[in-house]
$ cat data08.cif   # mmCIF, C-alpha atoms
data_start
#
loop_
_atom_site.label_atom_id
_atom_site.label_comp_id
_atom_site.auth_asym_id
_atom_site.auth_seq_id
_atom_site.Cartn_x
_atom_site.Cartn_y
_atom_site.Cartn_z
CA MET A 1 10.79 1.82 -14.02
CA ASP A 2 10.45 -1.55 -15.78
CA ARG A 3 14.17 -1.60 -16.60
CA TRP A 4 15.14 -0.49 -13.10
CA LEU A 5 13.05 -3.17 -11.38
CA SER A 6 13.96 -5.96 -13.80
CA GLY A 7 16.19 -8.84 -12.83
CA GLU A 8 19.07 -7.24 -14.69
CA GLY A 9 18.40 -3.89 -13.04
CA ILE A 10 18.44 -5.38 -9.56
CA LEU A 11 21.53 -7.48 -10.24
CA ALA A 12 23.39 -4.37 -11.35
CA GLN A 13 23.04 -3.04 -7.81
CA LEU A 14 24.25 -6.21 -6.06
CA ASP A 15 27.71 -7.51 -5.30
CA SER A 16 26.43 -10.92 -4.35
CA ALA A 17 22.79 -11.93 -4.03
CA GLY A 18 19.41 -10.67 -2.96
CA GLY A 19 15.85 -11.53 -2.06
CA VAL A 20 12.94 -10.34 -4.21
CA PHE A 21 9.64 -9.89 -2.46
CA ALA A 22 6.15 -10.43 -3.76
CA LEU A 23 3.48 -8.42 -1.96
CA TYR A 24 -0.20 -7.75 -2.46
CA SER A 25 -0.77 -4.31 -0.97
CA PRO A 26 -3.48 -2.50 -2.94
CA HIS A 27 -3.99 0.00 -0.10
CA THR A 28 -0.44 1.34 -0.31
CA THR A 29 2.29 0.24 -2.71
CA GLY A 30 0.28 -1.87 -5.13
CA ASN A 31 0.68 -5.51 -6.09
CA ALA A 32 3.77 -7.50 -7.03
CA SER A 33 2.49 -10.98 -7.78
CA ASN A 34 4.18 -14.26 -7.00
CA GLU A 35 4.31 -15.02 -10.71
CA SER A 36 6.04 -11.74 -11.54
CA VAL A 37 8.61 -12.36 -8.83
CA ALA A 38 9.22 -15.87 -10.14
CA GLU A 39 9.87 -14.47 -13.61
CA LEU A 40 12.23 -11.91 -12.22
CA VAL A 41 14.31 -14.31 -10.11
CA ALA A 42 14.48 -16.72 -13.04
CA THR A 43 16.79 -14.25 -14.77
CA ALA A 44 19.54 -15.13 -12.26
CA PRO A 45 18.51 -18.05 -10.03
CA ALA A 46 21.95 -18.32 -8.45
CA ARG A 47 21.77 -14.76 -7.17
CA LEU A 48 18.09 -13.79 -6.90
CA PHE A 49 15.73 -15.55 -4.51
CA GLY A 50 11.97 -15.15 -4.33
CA PHE A 51 9.68 -14.58 -1.38
CA ALA A 52 6.05 -15.45 -2.03
CA SER A 53 3.17 -13.51 -0.57
CA ILE A 54 -0.59 -13.74 -0.23
CA ARG A 55 -3.51 -11.41 -0.79
CA VAL A 56 -5.50 -10.87 2.43
CA ASP A 57 -7.81 -7.89 1.85
CA GLN A 58 -10.97 -9.99 1.39
CA TRP A 59 -10.15 -12.72 3.87
CA ASN A 60 -13.70 -13.50 4.94
CA VAL A 61 -14.61 -14.03 1.29
CA ASP A 62 -11.67 -15.81 -0.31
CA SER A 63 -9.17 -16.96 2.32
CA ARG A 64 -9.35 -20.61 1.23
CA GLU A 65 -8.69 -19.73 -2.39
CA GLN A 66 -5.85 -17.38 -1.46
CA LEU A 67 -4.21 -19.91 0.86
CA GLU A 68 -4.30 -22.60 -1.83
CA ALA A 69 -2.82 -20.27 -4.44
CA PHE A 70 -0.20 -19.12 -1.98
CA GLU A 71 0.88 -22.63 -1.01
CA ASP A 72 0.96 -23.64 -4.67
CA ALA A 73 3.21 -20.68 -5.49
CA LEU A 74 5.45 -21.39 -2.54
CA VAL A 75 5.94 -25.00 -3.52
CA ASN A 76 5.80 -24.98 -7.30
CA LEU A 77 7.34 -21.69 -8.41
CA ASP A 78 11.10 -22.00 -8.79
CA ASN A 79 13.40 -20.38 -6.31
CA MET A 80 10.82 -19.32 -3.74
CA ILE A 81 12.85 -19.59 -0.56
CA GLY A 82 10.58 -17.68 1.83
CA ILE A 83 7.48 -15.64 2.43
CA LYS A 84 6.88 -11.88 2.62
CA LEU A 85 4.14 -10.29 4.70
CA ALA A 86 3.61 -6.63 5.55
CA HIS A 87 0.81 -6.25 8.06
CA ALA A 88 0.95 -2.43 8.17
CA HIS A 89 0.68 -2.25 4.39
CA GLN A 90 -1.77 -5.11 4.03
CA GLN A 91 -3.95 -3.73 6.84
CA PHE A 92 -4.26 -6.80 9.09
CA ARG A 93 -3.36 -7.12 12.76
CA PHE A 94 -0.39 -9.19 13.92
CA ASP A 95 -2.60 -10.83 16.56
CA ASP A 96 -5.53 -11.81 14.33
CA PRO A 97 -5.70 -15.63 14.50
CA ARG A 98 -7.70 -15.84 11.26
CA TYR A 99 -4.41 -15.47 9.40
CA TYR A 100 -2.33 -17.95 11.41
CA GLU A 101 -2.69 -20.69 8.81
CA ILE A 102 -0.13 -18.72 6.78
CA TYR A 103 2.39 -19.42 9.53
CA ASP A 104 1.44 -23.09 9.58
CA ILE A 105 2.07 -23.38 5.84
CA ALA A 106 5.43 -21.64 6.26
CA GLY A 107 6.50 -24.05 8.98
CA ARG A 108 5.39 -27.18 7.16
CA HIS A 109 7.34 -26.20 4.06
CA GLY A 110 10.36 -24.85 5.89
CA LYS A 111 10.04 -21.40 4.35
CA PRO A 112 11.02 -18.52 6.68
CA ILE A 113 8.66 -15.55 6.80
CA TYR A 114 9.95 -12.02 6.44
CA LEU A 115 7.44 -9.73 8.16
CA HIS A 116 7.55 -5.96 7.86
CA THR A 117 7.64 -4.52 11.36
CA ALA A 118 7.08 -0.99 12.65
CA THR A 119 5.91 1.80 10.38
CA SER A 120 6.51 2.97 6.85
CA PRO A 121 6.62 6.44 5.30
CA ASN A 122 4.31 5.22 2.50
CA PRO A 123 0.87 6.89 2.65
CA GLY A 124 -1.91 4.59 3.72
CA THR A 125 0.17 2.26 5.88
CA ARG A 126 -1.09 1.64 9.39
CA THR A 127 0.81 3.12 12.30
CA GLU A 128 -1.07 1.65 15.27
CA PRO A 129 0.78 -0.88 17.47
CA PRO A 130 -1.35 -3.94 16.57
CA TYR A 131 -0.12 -3.54 12.96
CA THR A 132 3.43 -2.45 13.71
CA SER A 133 4.67 -3.75 17.06
CA PRO A 134 6.20 -7.24 16.92
CA ALA A 135 4.97 -7.76 20.51
CA TYR A 136 1.63 -8.63 18.92
CA LEU A 137 3.32 -11.51 17.06
CA GLU A 138 4.40 -13.34 20.19
CA GLN A 139 1.38 -15.61 20.35
CA ALA A 140 1.97 -16.77 16.78
CA ILE A 141 5.71 -17.18 17.40
CA ARG A 142 4.92 -19.43 20.34
CA LEU A 143 2.19 -21.40 18.54
CA TYR A 144 4.38 -22.15 15.50
CA PRO A 145 7.85 -23.11 16.79
CA ASP A 146 8.76 -24.70 13.45
CA THR A 147 8.12 -21.43 11.62
CA ILE A 148 10.95 -18.93 11.33
CA PHE A 149 9.85 -15.32 11.81
CA ILE A 150 12.23 -12.70 10.44
CA LEU A 151 11.31 -9.29 11.85
CA GLY A 152 11.90 -7.03 8.89
CA HIS A 153 13.37 -3.58 9.51
CA ALA A 154 14.05 -4.79 13.07
CA GLY A 155 11.44 -2.46 14.56
CA TRP A 156 12.69 0.71 12.85
CA ASP A 157 9.87 3.25 13.05
CA SER A 158 10.65 5.00 9.80
CA TYR A 159 7.51 7.14 9.92
CA ARG A 160 8.59 8.76 13.21
CA ARG A 161 12.36 8.17 12.62
CA LYS A 162 12.77 6.37 15.93
CA LEU A 163 13.91 2.94 17.11
CA THR A 164 10.45 2.48 18.61
CA TYR A 165 10.19 -1.30 18.41
CA VAL A 166 13.86 -2.35 18.21
CA ASP A 167 14.01 -3.48 21.82
CA VAL A 168 10.85 -5.53 21.31
CA CYS A 169 12.50 -7.25 18.34
CA ILE A 170 15.69 -7.90 20.28
CA ASP A 171 13.74 -9.31 23.21
CA LEU A 172 11.82 -11.72 20.96
CA ALA A 173 15.03 -12.77 19.20
CA GLN A 174 16.65 -13.47 22.56
CA ARG A 175 13.77 -15.56 23.89
CA TYR A 176 12.67 -17.51 20.84
CA PRO A 177 14.91 -19.69 18.66
CA ASN A 178 12.61 -19.19 15.69
CA VAL A 179 12.89 -15.38 15.62
CA TYR A 180 15.42 -13.39 13.62
CA MET A 181 15.74 -9.75 12.62
CA GLU A 182 16.58 -7.91 9.41
CA PRO A 183 17.75 -4.26 9.43
CA GLY A 184 16.57 -3.09 6.00
CA ALA A 185 16.41 0.72 5.65
CA LEU A 186 18.47 1.32 8.80
CA GLY A 187 21.47 2.04 6.59
CA ALA A 188 19.58 4.68 4.63
CA LYS A 189 20.08 8.42 5.07
CA ARG A 190 16.71 8.70 6.80
CA ALA A 191 18.08 6.51 9.62
CA ALA A 192 21.57 7.98 9.78
CA GLU A 193 21.08 9.47 13.25
CA VAL A 194 19.84 6.23 14.82
CA LEU A 195 22.00 3.63 13.07
CA PRO A 196 24.86 3.78 15.62
CA ASP A 197 22.35 3.32 18.43
CA PHE A 198 20.79 0.33 16.65
CA ILE A 199 24.16 -1.30 15.99
CA GLY A 200 25.13 -0.75 19.61
CA ARG A 201 21.93 -2.34 20.92
CA ILE A 202 22.46 -5.45 18.78
CA LYS A 203 26.00 -5.88 20.08
CA LYS A 204 25.08 -5.21 23.68
CA ALA A 205 22.22 -7.73 23.53
CA GLY A 206 24.50 -10.38 22.04
CA VAL A 207 22.14 -11.10 19.13
CA ALA A 208 24.45 -10.66 16.14
CA HIS A 209 23.74 -14.31 15.29
CA LYS A 210 20.07 -13.37 14.90
CA LEU A 211 20.53 -10.45 12.51
CA ILE A 212 20.22 -11.16 8.78
CA TYR A 213 21.46 -8.28 6.71
CA GLY A 214 19.11 -6.66 4.21
CA SER A 215 18.81 -3.16 2.72
CA ASP A 216 15.18 -2.70 1.62
CA GLY A 217 16.63 -1.90 -1.82
CA PRO A 218 16.97 -1.23 -4.64
CA GLN A 219 15.03 2.04 -4.01
CA PHE A 220 17.18 4.14 -6.39
CA PRO A 221 20.58 3.80 -8.18
CA GLY A 222 23.35 3.45 -5.64
CA TYR A 223 21.07 2.87 -2.66
CA VAL A 224 22.06 -0.74 -2.08
CA GLY A 225 25.74 0.14 -2.09
CA SER A 226 25.37 3.19 0.14
CA HIS A 227 23.21 1.26 2.61
CA LEU A 228 25.86 -1.44 2.91
CA GLU A 229 28.66 1.10 3.31
CA ALA A 230 26.82 2.92 6.09
CA PHE A 231 25.98 -0.33 7.86
CA VAL A 232 29.52 -1.70 7.70
CA ALA A 233 30.98 1.61 8.84
CA ALA A 234 28.64 1.60 11.84
CA MET A 235 29.60 -1.97 12.74
CA GLN A 236 33.29 -1.14 12.48
CA ALA A 237 32.85 1.95 14.64
CA ALA A 238 31.04 -0.16 17.24
CA GLY A 239 33.90 -2.65 17.39
CA TYR A 240 32.30 -5.63 15.66
CA THR A 241 34.79 -8.34 14.82
CA VAL A 242 35.25 -9.50 11.26
CA ASP A 243 33.53 -12.77 12.13
CA GLU A 244 30.53 -10.92 13.58
CA MET A 245 30.22 -8.76 10.50
CA ARG A 246 30.49 -11.76 8.21
CA MET A 247 27.85 -13.53 10.23
CA ILE A 248 25.42 -10.63 9.85
CA LEU A 249 26.21 -9.90 6.21
CA ALA A 250 26.18 -13.47 4.92
CA ASP A 251 26.35 -16.50 7.19
CA ASN A 252 23.11 -15.94 9.12
CA PHE A 253 21.23 -15.84 5.83
CA SER A 254 22.86 -19.05 4.62
CA ARG A 255 22.12 -20.85 7.87
CA VAL A 256 18.48 -19.73 8.18
CA PHE A 257 17.67 -20.48 4.55
CA ASN A 258 19.73 -23.72 4.42
CA MET A 259 21.94 -22.44 1.63
CA PRO A 260 25.68 -22.75 0.99
CA GLU A 261 27.87 -20.09 2.50
CA PHE A 262 28.62 -17.21 0.20
CA GLU A 263 32.18 -16.71 -0.96
CA LEU A 264 33.15 -13.18 0.04
CA MET B 1 -2.34 19.83 -16.95
CA ASN B 2 1.13 18.59 -17.90
CA ARG B 3 3.70 19.95 -15.43
CA ARG B 4 6.33 20.41 -18.15
CA LEU B 5 3.89 22.55 -20.18
CA CYS B 6 3.19 24.74 -17.14
CA ALA B 7 6.90 25.45 -16.68
CA LEU B 8 7.30 26.26 -20.39
CA LEU B 9 4.40 28.72 -20.32
CA SER B 10 5.95 30.63 -17.40
CA VAL B 11 9.14 31.13 -19.45
CA THR B 12 7.52 32.15 -22.77
CA THR B 13 5.31 34.96 -21.35
CA CYS B 14 8.41 37.00 -20.53
CA ALA B 15 9.17 37.44 -24.28
CA VAL B 16 5.75 38.94 -25.34
CA PRO B 17 5.39 42.83 -25.65
CA GLY B 18 2.51 45.31 -24.97
CA LEU B 19 -1.23 44.73 -24.68
CA PHE B 20 -0.80 41.33 -26.18
CA LYS B 21 1.26 40.54 -23.12
CA VAL B 22 -1.76 41.38 -20.87
CA VAL B 23 -3.85 38.86 -22.76
CA VAL B 24 -1.11 36.30 -22.51
CA VAL B 25 -0.64 36.95 -18.78
CA VAL B 26 -4.38 36.55 -18.11
CA GLY B 27 -4.36 33.36 -20.11
CA PHE B 28 -1.22 32.28 -18.27
CA PHE B 29 -2.86 32.65 -14.85
CA ALA B 30 -5.90 30.78 -16.07
CA MET B 31 -3.65 27.94 -17.07
CA LEU B 32 -1.82 28.12 -13.72
CA LEU B 33 -5.11 27.52 -11.98
CA ALA B 34 -5.57 24.46 -14.15
CA CYS B 35 -1.97 23.42 -13.52
CA ALA B 36 -2.25 23.69 -9.76
CA GLU B 37 -2.88 20.51 -7.77
CA GLY B 38 -6.67 20.13 -7.87
CA GLU B 39 -8.67 19.79 -4.69
CA THR B 40 -10.21 16.35 -4.28
CA PRO B 41 -13.93 16.64 -5.16
CA THR B 42 -16.06 16.06 -2.08
CA THR B 43 -19.69 16.06 -1.08
CA PRO B 44 -20.92 16.96 2.43
CA VAL B 45 -22.37 14.12 4.50
CA SER B 46 -24.13 14.29 7.85
CA LEU B 47 -23.73 11.06 9.77
CA SER B 48 -25.58 10.13 12.93
CA GLY B 49 -26.53 7.06 14.88
CA GLU B 50 -26.02 5.15 18.09
CA ILE B 51 -22.92 3.48 19.47
CA SER B 52 -23.90 0.63 21.79
CA VAL B 53 -22.16 -2.00 23.91
CA PRO B 54 -23.30 -5.34 25.38
CA ASP B 55 -24.86 -5.39 28.83
CA GLY B 56 -22.31 -5.31 31.62
CA VAL B 57 -19.67 -3.29 29.73
CA GLN B 58 -18.84 -0.18 31.74
CA SER B 59 -18.58 2.55 29.15
CA ASP B 60 -19.26 5.81 31.03
CA GLY B 61 -16.69 8.38 30.01
CA VAL B 62 -14.87 5.88 27.82
CA LYS B 63 -13.56 7.12 24.50
CA VAL B 64 -14.85 5.63 21.28
CA THR B 65 -12.76 6.10 18.15
CA VAL B 66 -14.74 6.07 14.92
CA ASN B 67 -13.06 5.46 11.57
CA LEU B 68 -14.88 6.13 8.31
CA TYR B 69 -13.97 4.12 5.23
CA HIS B 70 -14.94 3.78 1.60
CA ALA B 71 -16.40 0.30 1.26
CA TRP B 72 -14.39 -0.15 -1.96
CA ALA B 73 -11.68 1.73 -3.81
CA LEU B 74 -9.86 1.48 -7.14
CA GLU B 75 -10.48 -0.96 -9.97
CA GLY B 76 -9.17 -4.19 -11.42
CA GLN B 77 -6.41 -5.98 -9.52
CA LEU B 78 -6.03 -2.99 -7.19
CA ARG B 79 -9.70 -2.93 -6.19
CA HIS B 80 -9.81 -3.35 -2.44
CA PRO B 81 -12.17 -2.81 0.48
CA VAL B 82 -11.88 -0.60 3.56
CA GLU B 83 -10.14 2.51 2.26
CA PHE B 84 -9.66 5.05 5.06
CA ILE B 85 -11.41 8.43 4.88
CA GLU B 86 -11.14 10.05 8.30
CA SER B 87 -11.47 9.48 12.03
CA PHE B 88 -13.20 11.19 14.96
CA GLU B 89 -13.85 10.54 18.63
CA THR B 90 -17.14 10.16 20.43
CA SER B 91 -18.62 8.12 23.26
CA VAL B 92 -21.19 5.38 23.72
CA GLY B 93 -24.69 6.62 22.93
CA GLN B 94 -26.04 8.94 20.28
CA TYR B 95 -23.46 10.53 18.04
CA SER B 96 -23.35 12.81 15.02
CA HIS B 97 -20.57 13.90 12.68
CA SER B 98 -20.36 15.94 9.50
CA PHE B 99 -17.62 15.38 7.00
CA ASP B 100 -16.65 15.80 3.36
CA TYR B 101 -16.86 12.52 1.47
CA PRO B 102 -14.19 12.25 -1.28
CA VAL B 103 -16.33 11.22 -4.20
CA GLU B 104 -13.54 10.10 -6.51
CA LYS B 105 -11.52 8.11 -3.98
CA GLY B 106 -13.96 5.23 -3.61
CA GLU B 107 -17.54 4.12 -3.16
CA GLY B 108 -19.80 3.24 -0.26
CA LEU B 109 -19.39 4.10 3.40
CA LEU B 110 -18.37 1.98 6.37
CA VAL B 111 -18.50 3.17 9.98
CA TYR B 112 -16.07 1.28 12.21
CA ALA B 113 -15.64 2.03 15.91
CA TRP B 114 -13.68 0.71 18.85
CA LEU B 115 -13.98 1.28 22.60
CA ASP B 116 -10.86 2.08 24.60
CA LEU B 117 -11.94 0.53 27.91
CA ASP B 118 -8.52 0.80 29.57
CA ALA B 119 -7.85 4.28 28.14
CA ASP B 120 -4.38 3.38 26.92
CA GLY B 121 -4.91 4.73 23.42
CA VAL B 122 -4.41 1.30 21.84
CA HIS B 123 -7.02 -1.11 20.61
CA CYS B 124 -5.98 -4.08 22.76
CA THR B 125 -2.48 -5.09 23.77
CA PRO B 126 -1.00 -8.60 23.60
CA THR B 127 -2.04 -9.16 27.22
CA VAL B 128 -5.09 -6.92 27.79
CA ARG B 129 -7.88 -7.95 25.45
CA ASP B 130 -10.96 -6.06 26.70
CA ASP B 131 -11.35 -3.32 24.08
CA ARG B 132 -14.07 -4.11 21.59
CA ALA B 133 -15.11 -3.01 18.12
CA GLY B 134 -17.94 -3.03 15.64
CA LEU B 135 -18.72 -1.95 12.10
CA SER B 136 -21.80 -0.76 10.25
CA VAL B 137 -22.30 -0.68 6.49
CA VAL B 138 -24.24 2.44 5.51
CA GLN B 139 -27.12 1.41 3.32
CA GLU B 140 -28.39 3.56 0.46
CA PHE B 141 -25.25 5.58 -0.09
CA PRO B 142 -24.39 8.14 -1.46
CA ALA B 143 -26.75 10.40 0.45
CA ALA B 144 -26.39 13.72 2.22
CA GLU B 145 -27.78 12.39 5.52
CA VAL B 146 -27.08 8.88 6.67
CA THR B 147 -27.53 6.82 9.79
CA ALA B 148 -25.26 4.11 11.15
CA ASP B 149 -25.70 2.27 14.43
CA VAL B 150 -22.60 0.43 15.60
CA ARG B 151 -22.58 -2.27 18.27
CA LEU B 152 -19.18 -2.78 19.88
CA ASP B 153 -19.18 -6.46 20.73
CA VAL B 154 -16.08 -8.02 19.14
CA PRO B 155 -12.84 -7.74 21.11
CA CYS B 156 -9.60 -6.69 19.41
CA ALA B 157 -10.98 -6.69 15.87
CA GLY B 158 -9.86 -4.47 13.02
CA PRO B 159 -12.28 -3.38 10.29
CA ASP B 160 -11.15 -6.30 8.12
CA TRP B 161 -12.72 -8.64 10.67
CA PHE B 162 -16.11 -7.35 9.67
CA TYR B 163 -15.81 -6.34 6.03
CA PRO B 164 -16.25 -7.64 3.49
CA PRO B 165 -18.43 -10.24 5.21
CA ALA B 166 -18.34 -13.91 4.39
CA PRO B 167 -20.93 -14.85 1.76
CA ASN B 168 -24.08 -16.45 3.15
#

$ encode --input "data08.cif" --output "structure tokens"
Amino acid sequence: MDRWLSGEGILAQLDSAGGVFALYSPHTTGNASNESVAELVATAPARLFGFASIRVDQWNVDSREQLEAFEDALVNLDNMIGIKLAHAHQQFRFDDPRYYEIYDIAGRHGKPIYLHTATSPNPGTRTEPPYTSPAYLEQAIRLYPDTIFILGHAGWDSYRRKLTYVDVCIDLAQRYPNVYMEPGALGAKRAAEVLPDFIGRIKKAGVAHKLIYGSDGPQFPGYVGSHLEAFVAAMQAAGYTVDEMRMILADNFSRVFNMPEFEL
Amino acid sequence: MNRRLCALLSVTTCAVPGLFKVVVVVGFFAMLLACAEGETPTTPVSLSGEISVPDGVQSDGVKVTVNLYHAWALEGQLRHPVEFIESFETSVGQYSHSFDYPVEKGEGLLVYAWLDLDADGVHCTPTVRDDRAGLSVVQEFPAAEVTADVRLDVPCAGPDWFYPPAPN
């Protein structure tokens, strides 16, 4: 496991570059600290980029301490380009204003936030709408216009294998300039039946410029590659142009994170 | 019991002759019982108390969802509060519920409840914010019979709103 989830292990699965997420989720998947992510991305800083996170499970007790440590990590650890949150895993509601200072910090430092949306097949994750539906994020999206919200998994309800919250994500992306989507896990076998529908909805809604490709990998050997193949095949079948595919696979990421365009 | 050892035992018993084989088979089944996924140890708990709401809240016939949690679970960096045990439904007023408390999954007992005033099955929506919640920390636990009164007076609050509480 250590070799598989090392910087070298992750790079072996990538053609180009990837984001590495910290997350403090003791209820479900455990903890991956900001420091461990920084060490990992340091193995290949041109190709691995870190997303810092924050521990929230004792918020009434230590929120000030956690916010200070989080902001320090975001600013002072090398190669932290964004923030990762997973409300369903971390067990806090999207509409709980006690946590909004996280969004303020993100906006002030220009670090986009990747937020897990919808459900997860991991035991212990919340499935109720206040923890999974991006509709509950709208107040925060409106209050923090300088903060970029990336709706991770684009509303893919992996627990029920349905596109339960995809239309909510698309609607928010259409109405708010600071909202983007990421389709991680929609190219996996578990989502094979719904991927064409998802790809079609994105095209029909005209929001390809708001979709930042991601895979939710590495998962297992070959997953990253197979996810990409399935996703590209679905886009081709749906009639996406080369420019649209390039935009989703690379250019949207570069633009949102203020990074040079990738050479493909 | 190591899963690889269990598989090896099932193969080796086939090669043993006669009465000795009976002894081996008996021993084999004893080991299978040890190899099987163990049930989580539990202790029975009878919970009772009162669910109340502030004056003016119309709660007749309104469903209350009650979630039971360990106050704390795991150790070290993974130690965390509010670990889910089970859920049941009741209504405002006196309630009682019996359940099996998983003794090795955590410690303490929290009783969290929320009132579904608009009967939509969701604890508040982005635009309708009337449902309310409350939480009670069961004192003197573990115990076979416990009491927890829960007052539902905070709108749209998850259990993390209440627990752990801010230090005085």

$ atom_distance --input "data08.cif" --atom1 "CA of His227 in chain A" --atom2 "CA of Ser215 in chain A"
6.2 Å

$ atom_distance --input "data08.cif" --atom1 "CA of Ile150 in chain A" --atom2 "CA of Arg93 in chain A"
16.7 Å

$ atom_distance --input "data08.cif" --atom1 "CA of Glu107 in chain B" --atom2 "CA of Leu74 in chain B"
9.0 Å

$ residues_around --input "data08.cif" --residues "Ala208 in chain A" --least-positions-apart "5" --cutoff "9 Å" --atoms "only C-alpha atoms" --output "PyMOL selection string"
chain A and resi 202-203+244-245+247-248+252

$ resolve_selection --input "data08.cif" --expression "the PyMOL selection byres ((chain B) within 6 of (chain A))" --output "number ranges by chain"
B: 78, 126, 165-166

$ residues_around --input "data08.cif" --residues "range 58-61 of chain B" --least-positions-apart "2" --cutoff "8 Å" --atoms "all atoms listed in the file" --output "ChimeraX atom specification"
/B:53,56,63,91-92,117

$ closest_residue --input "data08.cif" --among "A:Arg64, A:His87, A:His153, A:His109" --to "Ile170 in chain A" --atoms "only C-alpha atoms"
A:His153

$ residues_around --input "data08.cif" --residues "Arg175 in chain A" --least-positions-apart "5" --cutoff "12 Å" --atoms "all atoms listed in the file" --output "NGL selection string"
:A and (138 or 141-142 or 145 or 168-170 or 180 or 205 or 207 or 210)

$ closest_residue --input "data08.cif" --among "B:Gly108, B:Pro142, B:Gly134, B:Gly76" --to "Val45 in chain B" --atoms "all atoms listed in the file"
B:Pro142

$ closest_residue --input "data08.cif" --among "B:Val137, B:Val103, B:Ala157, B:Ile85" --to "Thr43 in chain B" --atoms "all atoms listed in the file"
B:Val103

$ residues_around --input "data08.cif" --residues "Asn258 in chain A" --least-positions-apart "6" --cutoff "12 Å" --atoms "only C-alpha atoms" --output "short mmCIF file (atom, residue, chain, number, x, y, z; two decimals) with C-alpha atoms, keeping the file's coordinate frame"
data_model
loop_
_atom_site.label_atom_id
_atom_site.label_comp_id
_atom_site.auth_asym_id
_atom_site.auth_seq_id
_atom_site.Cartn_x
_atom_site.Cartn_y
_atom_site.Cartn_z
CA ILE A 81 12.85 -19.59 -0.56
CA GLY A 82 10.58 -17.68 1.83
CA GLY A 110 10.36 -24.85 5.89
CA LYS A 111 10.04 -21.40 4.35
CA PRO A 112 11.02 -18.52 6.68
CA ASP A 251 26.35 -16.50 7.19
CA ASN A 252 23.11 -15.94 9.12
#

$ residues_around --input "data08.cif" --residues "Ser53 in chain A" --least-positions-apart "4" --cutoff "6 Å" --atoms "only C-alpha atoms" --output "VMD selection string"
chain A and resid 22 to 23 83 to 84
